[in-house]
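For reference, data_7.cif (mmCIF, C-alpha atoms):
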data_query
#
loop_
_atom_site.group_PDB
_atom_site.id
_atom_site.type_symbol
_atom_site.label_atom_id
_atom_site.label_comp_id
_atom_site.auth_asym_id
_atom_site.auth_seq_id
_atom_site.Cartn_x
_atom_site.Cartn_y
_atom_site.Cartn_z
ATOM 1 C CA MET C 1 76.169 72.679 123.577
ATOM 2 C CA ALA C 2 75.855 75.750 121.313
ATOM 3 C CA SER C 3 77.202 79.060 122.527
ATOM 4 C CA PRO C 4 74.623 81.787 123.111
ATOM 5 C CA ALA C 5 74.102 84.251 120.279
ATOM 6 C CA LEU C 6 75.959 87.511 120.675
ATOM 7 C CA ASP C 7 73.816 90.545 121.456
ATOM 8 C CA LEU C 8 75.258 92.863 118.801
ATOM 9 C CA ASN C 9 73.376 95.905 120.100
ATOM 10 C CA ASN C 10 74.944 95.474 123.529
ATOM 11 C CA ALA C 11 78.376 94.690 122.073
ATOM 12 C CA LEU C 12 78.301 97.860 119.949
ATOM 13 C CA GLY C 13 77.305 99.844 123.044
ATOM 14 C CA GLN C 14 80.312 98.397 124.854
ATOM 15 C CA CYS C 15 82.553 99.245 121.873
ATOM 16 C CA ALA C 16 81.344 102.827 122.068
ATOM 17 C CA LYS C 17 82.627 102.854 125.674
ATOM 18 C CA GLY C 18 86.054 101.594 124.544
ATOM 19 C CA ASP C 19 85.663 97.906 125.408
ATOM 20 C CA ARG C 20 88.079 96.019 123.162
ATOM 21 C CA ARG C 21 86.679 92.666 124.261
ATOM 22 C CA ALA C 22 83.305 93.651 122.829
ATOM 23 C CA LEU C 23 84.922 94.475 119.484
ATOM 24 C CA ARG C 24 86.683 91.106 119.582
ATOM 25 C CA ALA C 25 83.373 89.363 120.302
ATOM 26 C CA ILE C 26 81.757 91.124 117.320
ATOM 27 C CA TYR C 27 84.743 90.176 115.173
ATOM 28 C CA ASP C 28 84.621 86.534 116.234
ATOM 29 C CA SER C 29 80.884 86.423 115.589
ATOM 30 C CA GLU C 30 80.685 88.277 112.268
ATOM 31 C CA ALA C 31 84.085 88.338 110.519
ATOM 32 C CA PRO C 32 83.815 84.949 108.757
ATOM 33 C CA ARG C 33 80.409 85.820 107.302
ATOM 34 C CA MET C 34 81.581 89.337 106.435
ATOM 35 C CA LEU C 35 84.593 87.911 104.604
ATOM 36 C CA GLY C 36 82.249 85.740 102.539
ATOM 37 C CA VAL C 37 80.107 88.744 101.626
ATOM 38 C CA ALA C 38 83.185 90.794 100.758
ATOM 39 C CA MET C 39 84.558 87.949 98.604
ATOM 40 C CA ARG C 40 81.314 87.866 96.607
ATOM 41 C CA LEU C 41 81.540 91.626 96.054
ATOM 42 C CA LEU C 42 85.271 91.982 95.411
ATOM 43 C CA ARG C 43 86.248 88.536 94.056
ATOM 44 C CA ARG C 44 89.783 88.829 95.441
ATOM 45 C CA ARG C 45 90.648 87.557 98.887
ATOM 46 C CA ALA C 46 93.208 90.273 99.671
ATOM 47 C CA LEU C 47 90.708 93.013 98.848
ATOM 48 C CA ALA C 48 87.952 91.240 100.792
ATOM 49 C CA GLU C 49 90.215 90.959 103.839
ATOM 50 C CA GLU C 50 91.078 94.641 103.494
ATOM 51 C CA ALA C 51 87.377 95.540 103.377
ATOM 52 C CA VAL C 52 86.619 93.509 106.517
ATOM 53 C CA HIS C 53 89.622 94.992 108.330
ATOM 54 C CA ASP C 54 88.602 98.528 107.382
ATOM 55 C CA THR C 55 85.032 97.781 108.446
ATOM 56 C CA PHE C 56 86.138 96.809 111.947
ATOM 57 C CA LEU C 57 88.317 99.908 112.215
ATOM 58 C CA GLN C 58 85.265 101.962 111.301
ATOM 59 C CA VAL C 59 83.101 100.041 113.795
ATOM 60 C CA TRP C 60 85.631 100.773 116.542
ATOM 61 C CA ARG C 61 85.758 104.477 115.671
ATOM 62 C CA LYS C 62 82.030 104.977 115.029
ATOM 63 C CA ALA C 63 80.335 102.561 117.436
ATOM 64 C CA ASP C 64 78.903 105.503 119.346
ATOM 65 C CA GLY C 65 77.029 106.484 116.162
ATOM 66 C CA PHE C 66 74.991 103.286 116.145
ATOM 67 C CA ASP C 67 71.384 103.854 117.230
ATOM 68 C CA PRO C 68 69.398 100.653 117.856
ATOM 69 C CA ASP C 69 66.157 102.630 117.411
ATOM 70 C CA ARG C 70 67.093 103.289 113.776
ATOM 71 C CA GLY C 71 67.902 99.716 112.772
ATOM 72 C CA GLU C 72 69.515 96.380 113.500
ATOM 73 C CA ALA C 73 73.155 96.170 114.558
ATOM 74 C CA ARG C 74 73.914 93.528 111.941
ATOM 75 C CA SER C 75 72.437 95.726 109.188
ATOM 76 C CA TRP C 76 74.603 98.619 110.384
ATOM 77 C CA LEU C 77 77.741 96.435 110.281
ATOM 78 C CA TYR C 78 77.022 95.101 106.795
ATOM 79 C CA ALA C 79 76.181 98.572 105.480
ATOM 80 C CA ILE C 80 79.664 99.692 106.541
ATOM 81 C CA LEU C 81 81.171 96.617 104.848
ATOM 82 C CA ARG C 82 79.176 97.173 101.663
ATOM 83 C CA ASN C 83 80.191 100.842 101.464
ATOM 84 C CA ARG C 84 83.848 99.970 101.998
ATOM 85 C CA ALA C 85 83.723 97.245 99.337
ATOM 86 C CA LEU C 86 82.079 99.626 96.863
ATOM 87 C CA ASN C 87 84.773 102.220 97.531
ATOM 88 C CA ILE C 88 87.417 99.587 96.830
ATOM 89 C CA LEU C 89 85.661 98.624 93.597
ATOM 90 C CA ARG C 90 85.601 102.279 92.555
ATOM 91 C CA GLY C 91 89.327 102.459 93.231
ATOM 92 C CA GLU C 92 89.041 105.165 95.847
ATOM 93 C CA ASN C 93 91.953 105.382 98.251
ATOM 94 C CA ARG C 94 93.703 102.461 96.522
ATOM 95 C CA THR C 95 96.621 104.431 95.118
ATOM 96 C CA ASP C 96 98.225 104.969 98.522
ATOM 97 C CA LEU C 97 98.665 101.208 98.856
ATOM 98 C CA VAL C 98 100.831 100.856 95.768
ATOM 99 C CA GLU C 99 102.478 104.248 95.199
ATOM 100 C CA ASP C 100 105.747 103.107 96.739
ATOM 101 C CA PHE C 101 105.712 99.649 95.173
ATOM 102 C CA GLU C 102 109.102 99.845 93.453
ATOM 103 C CA PRO C 103 110.895 102.283 95.820
ATOM 104 C CA MET C 104 110.241 99.934 98.754
ATOM 105 C CA GLY C 105 111.937 97.111 96.881
ATOM 106 C CA LEU C 106 108.701 95.155 96.612
ATOM 107 C CA VAL C 107 109.225 94.180 93.014
ATOM 108 C CA SER C 108 106.688 91.658 91.843
ATOM 109 C CA GLY C 109 107.859 88.157 90.998
ATOM 110 C CA GLU C 110 105.424 88.145 88.089
ATOM 111 C CA GLU C 111 106.560 88.757 84.545
ATOM 112 C CA ASN C 112 106.384 92.390 83.540
ATOM 113 C CA ALA C 113 103.857 93.497 80.962
ATOM 114 C CA GLU C 114 106.392 93.830 78.140
ATOM 115 C CA ALA C 115 107.784 90.314 78.684
ATOM 116 C CA VAL C 116 104.281 88.862 78.460
ATOM 117 C CA MET C 117 103.647 90.737 75.227
ATOM 118 C CA LEU C 118 106.929 89.501 73.733
ATOM 119 C CA ARG C 119 105.901 85.894 74.436
ATOM 120 C CA LEU C 120 102.831 86.254 72.225
ATOM 121 C CA SER C 121 103.174 84.629 68.843
ATOM 122 C CA ASP C 122 104.958 86.860 66.325
ATOM 123 C CA THR C 123 102.212 86.233 63.805
ATOM 124 C CA GLY C 124 99.349 86.648 66.300
ATOM 125 C CA SER C 125 96.867 89.402 65.659
ATOM 126 C CA LEU C 126 96.661 90.267 69.376
ATOM 127 C CA LYS C 127 100.398 90.943 69.525
ATOM 128 C CA ARG C 128 100.214 93.013 66.345
ATOM 129 C CA CYS C 129 97.316 95.042 67.758
ATOM 130 C CA LEU C 130 98.993 95.508 71.157
ATOM 131 C CA GLU C 131 102.141 96.793 69.433
ATOM 132 C CA ARG C 132 100.052 99.559 67.854
ATOM 133 C CA LEU C 133 99.092 100.918 71.273
ATOM 134 C CA GLU C 134 101.080 103.646 72.965
ATOM 135 C CA PRO C 135 103.539 101.947 75.403
ATOM 136 C CA ALA C 136 101.910 103.339 78.564
ATOM 137 C CA ARG C 137 98.448 102.188 77.440
ATOM 138 C CA ARG C 138 99.809 98.791 76.400
ATOM 139 C CA GLN C 139 101.379 98.423 79.850
ATOM 140 C CA ALA C 140 98.099 99.389 81.549
ATOM 141 C CA ILE C 141 96.136 96.852 79.485
ATOM 142 C CA THR C 142 98.557 94.006 80.148
ATOM 143 C CA LEU C 143 98.803 94.777 83.868
ATOM 144 C CA ALA C 144 95.009 94.900 84.120
ATOM 145 C CA TYR C 145 94.159 91.839 82.072
ATOM 146 C CA ILE C 146 97.136 89.572 82.666
ATOM 147 C CA HIS C 147 98.050 90.447 86.245
ATOM 148 C CA GLY C 148 94.535 91.444 87.391
ATOM 149 C CA LEU C 149 95.336 94.907 88.743
ATOM 150 C CA SER C 150 92.377 97.159 89.456
ATOM 151 C CA HIS C 151 92.103 100.681 88.063
ATOM 152 C CA GLY C 152 93.179 102.086 91.440
ATOM 153 C CA GLU C 153 96.180 99.780 91.619
ATOM 154 C CA LEU C 154 97.167 100.739 88.066
ATOM 155 C CA ALA C 155 96.914 104.428 88.920
ATOM 156 C CA GLY C 156 99.207 103.960 91.896
ATOM 157 C CA ARG C 157 101.693 101.740 90.070
ATOM 158 C CA LEU C 158 101.916 103.991 86.984
ATOM 159 C CA GLY C 159 101.663 107.295 88.864
ATOM 160 C CA VAL C 160 98.695 108.445 86.784
ATOM 161 C CA PRO C 161 95.334 109.831 87.973
ATOM 162 C CA LEU C 162 92.522 107.284 88.285
ATOM 163 C CA GLY C 163 90.392 108.974 85.615
ATOM 164 C CA THR C 164 93.288 108.862 83.166
ATOM 165 C CA ILE C 165 93.776 105.126 83.762
ATOM 166 C CA LYS C 166 90.078 104.486 83.173
ATOM 167 C CA SER C 167 90.116 106.388 79.882
ATOM 168 C CA TRP C 168 93.354 104.678 78.761
ATOM 169 C CA ILE C 169 91.843 101.252 79.385
ATOM 170 C CA ARG C 170 88.578 102.161 77.654
ATOM 171 C CA ARG C 171 90.299 103.654 74.597
ATOM 172 C CA ALA C 172 92.827 100.825 74.373
ATOM 173 C CA LEU C 173 90.046 98.234 74.447
ATOM 174 C CA ILE C 174 88.216 100.087 71.679
ATOM 175 C CA SER C 175 91.422 100.206 69.614
ATOM 176 C CA LEU C 176 92.079 96.493 70.182
ATOM 177 C CA ARG C 177 88.514 95.582 69.271
ATOM 178 C CA GLU C 178 88.731 97.589 66.032
ATOM 179 C CA CYS C 179 92.163 96.171 65.178
ATOM 180 C CA MET C 180 91.102 92.564 65.797
ATOM 181 C CA ALA C 181 87.863 92.867 63.789
#

Spell out the structure here as structure tokens.
Amino acid sequence: MASPALDLNNALGQCAKGDRRALRAIYDSEAPRMLGVAMRLLRRRALAEEAVHDTFLQVWRKADGFDPDRGEARSWLYAILRNRALNILRGENRTDLVEDFEPMGLVSGEENAEAVMLRLSDTGSLKRCLERLEPARRQAITLAYIHGLSHGELAGRLGVPLGTIKSWIRRALISLRECMA
């Protein structure tokens, strides 16, 4: 026998009154689908899980702001998720997650950017072109394209403003494209 559908409007009203069970019911009902949506937007499970987590924190804090006369509860939930995912994609508030990466002793088990570059063939044009880049820009490019770090994660790891990272990546890609042509 199927369980009855959750009345999200009522559950959000209960959340607004501080009912943790209502938040849990919303989570149980919507989190798997929300994770799927976040995965399609962010393409990385850890970031998608972060977006869903942050969404439920926001739902808990702002449930009293939901007005059923202005729209559907599910639409309100997914709008919060979408906005959080877009903020993650833009790199906002990502630097605080990785600023203390090395000081906390959380050194990555992955090869560092320089070791990856050294493994490239000595006669390869990519290695030759990468060697022409300034070391900090070369490190940013290899961390982004080999290890998959986002602009926000790079900014936090390298201790550089987000805008600077974006311009380094853009200029380095232009230089690599010109060098490889």

List as a list in words the residues having at least one atom at most 12 Å from position (98.4, 92.5, 64.2) as given in the file, counting all atoms listed in the file.
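Counting all atoms listed in the file, I find these residues within 12 Å of (98.4, 92.5, 64.2): Leu120, Ser121, Asp122, Thr123, Gly124, Ser125, Leu126, Lys127, Arg128, Cys129, Leu130, Glu131, Arg132, Leu133, Ser175, Leu176, Arg177, Glu178, Cys179, Met180 and Ala181 of chain C.
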
What does the distance from atom CA of Ala172 of chain C to atom CA of Arg40 of chain C come to in Å, to one decimal?
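Rounded to one decimal, the two atoms are 28.2 Å apart.
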
Resolved residues for the PyMOL selection byres ((chain C and resi 49-58) around 12) as a ChimeraX atom specification
/C:12,15-16,20,22-28,30-48,59-66,76-89,93-94,97

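Interatomic distance, atom CA of Ile174 of chain C against atom CA of Arg90 of chain C: 21.2 Å.
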
Atom CA of Gly159 of chain C to atom CA of Ile146 of chain C, distance in Å rounded to a single decimal:
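Going from atom CA of Gly159 of chain C over to atom CA of Ile146 of chain C covers 19.3 Å.
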
With the PyMOL selection byres ((chain C and resi 136) around 12) as the selection, what would be picked from this file? Answer as a PyMOL selection string, please.
chain C and resi 113-114+130-135+137-143+154-155+157-160+164-165+168-169+172

Rebuild N, CA and C atoms on segment 128-152 of chain C, as a compact mmCIF listing (two decimals), keeping the file's coordinate frame?
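Final output, result_12.txt:
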# COMPACT_ATOMS: atom_id res chain seq x y z
N ARG C 128 100.13 91.93 67.33
CA ARG C 128 100.21 93.01 66.34
C ARG C 128 99.38 94.21 66.81
N CYS C 129 98.19 93.95 67.31
CA CYS C 129 97.32 95.04 67.76
C CYS C 129 97.86 95.71 69.02
N LEU C 130 98.41 94.93 69.95
CA LEU C 130 98.99 95.51 71.16
C LEU C 130 100.19 96.40 70.82
N GLU C 131 100.98 95.99 69.82
CA GLU C 131 102.14 96.79 69.43
C GLU C 131 101.74 98.15 68.89
N ARG C 132 100.53 98.28 68.38
CA ARG C 132 100.05 99.56 67.85
C ARG C 132 99.68 100.55 68.96
N LEU C 133 99.46 100.04 70.17
CA LEU C 133 99.09 100.92 71.27
C LEU C 133 100.30 101.70 71.78
N GLU C 134 100.04 102.86 72.30
CA GLU C 134 101.08 103.65 72.96
C GLU C 134 101.63 102.80 74.12
N PRO C 135 102.95 102.82 74.38
CA PRO C 135 103.54 101.95 75.40
C PRO C 135 102.87 102.03 76.78
N ALA C 136 102.53 103.22 77.24
CA ALA C 136 101.91 103.34 78.56
C ALA C 136 100.54 102.67 78.59
N ARG C 137 99.78 102.81 77.51
CA ARG C 137 98.45 102.19 77.44
C ARG C 137 98.58 100.67 77.30
N ARG C 138 99.56 100.23 76.55
CA ARG C 138 99.81 98.79 76.40
C ARG C 138 100.16 98.20 77.76
N GLN C 139 101.00 98.89 78.52
CA GLN C 139 101.38 98.42 79.85
C GLN C 139 100.15 98.36 80.77
N ALA C 140 99.31 99.38 80.71
CA ALA C 140 98.10 99.39 81.55
C ALA C 140 97.18 98.21 81.20
N ILE C 141 97.00 97.96 79.92
CA ILE C 141 96.14 96.85 79.48
C ILE C 141 96.70 95.51 79.95
N THR C 142 97.98 95.30 79.77
CA THR C 142 98.56 94.01 80.15
C THR C 142 98.57 93.83 81.67
N LEU C 143 98.85 94.89 82.41
CA LEU C 143 98.80 94.78 83.87
C LEU C 143 97.38 94.49 84.36
N ALA C 144 96.40 95.11 83.71
CA ALA C 144 95.01 94.90 84.12
C ALA C 144 94.51 93.52 83.76
N TYR C 145 94.77 93.08 82.54
CA TYR C 145 94.16 91.84 82.07
C TYR C 145 95.01 90.59 82.27
N ILE C 146 96.30 90.74 82.44
CA ILE C 146 97.14 89.57 82.67
C ILE C 146 97.44 89.40 84.15
N HIS C 147 97.70 90.52 84.83
CA HIS C 147 98.05 90.45 86.24
C HIS C 147 96.88 90.78 87.16
N GLY C 148 95.75 91.23 86.61
CA GLY C 148 94.54 91.44 87.39
C GLY C 148 94.54 92.68 88.27
N LEU C 149 95.33 93.69 87.93
CA LEU C 149 95.34 94.91 88.74
C LEU C 149 94.06 95.70 88.50
N SER C 150 93.56 96.31 89.56
CA SER C 150 92.38 97.16 89.46
C SER C 150 92.79 98.53 88.91
N HIS C 151 91.80 99.34 88.55
CA HIS C 151 92.10 100.68 88.06
C HIS C 151 92.89 101.47 89.11
N GLY C 152 92.48 101.36 90.37
CA GLY C 152 93.18 102.09 91.44
C GLY C 152 94.62 101.62 91.60
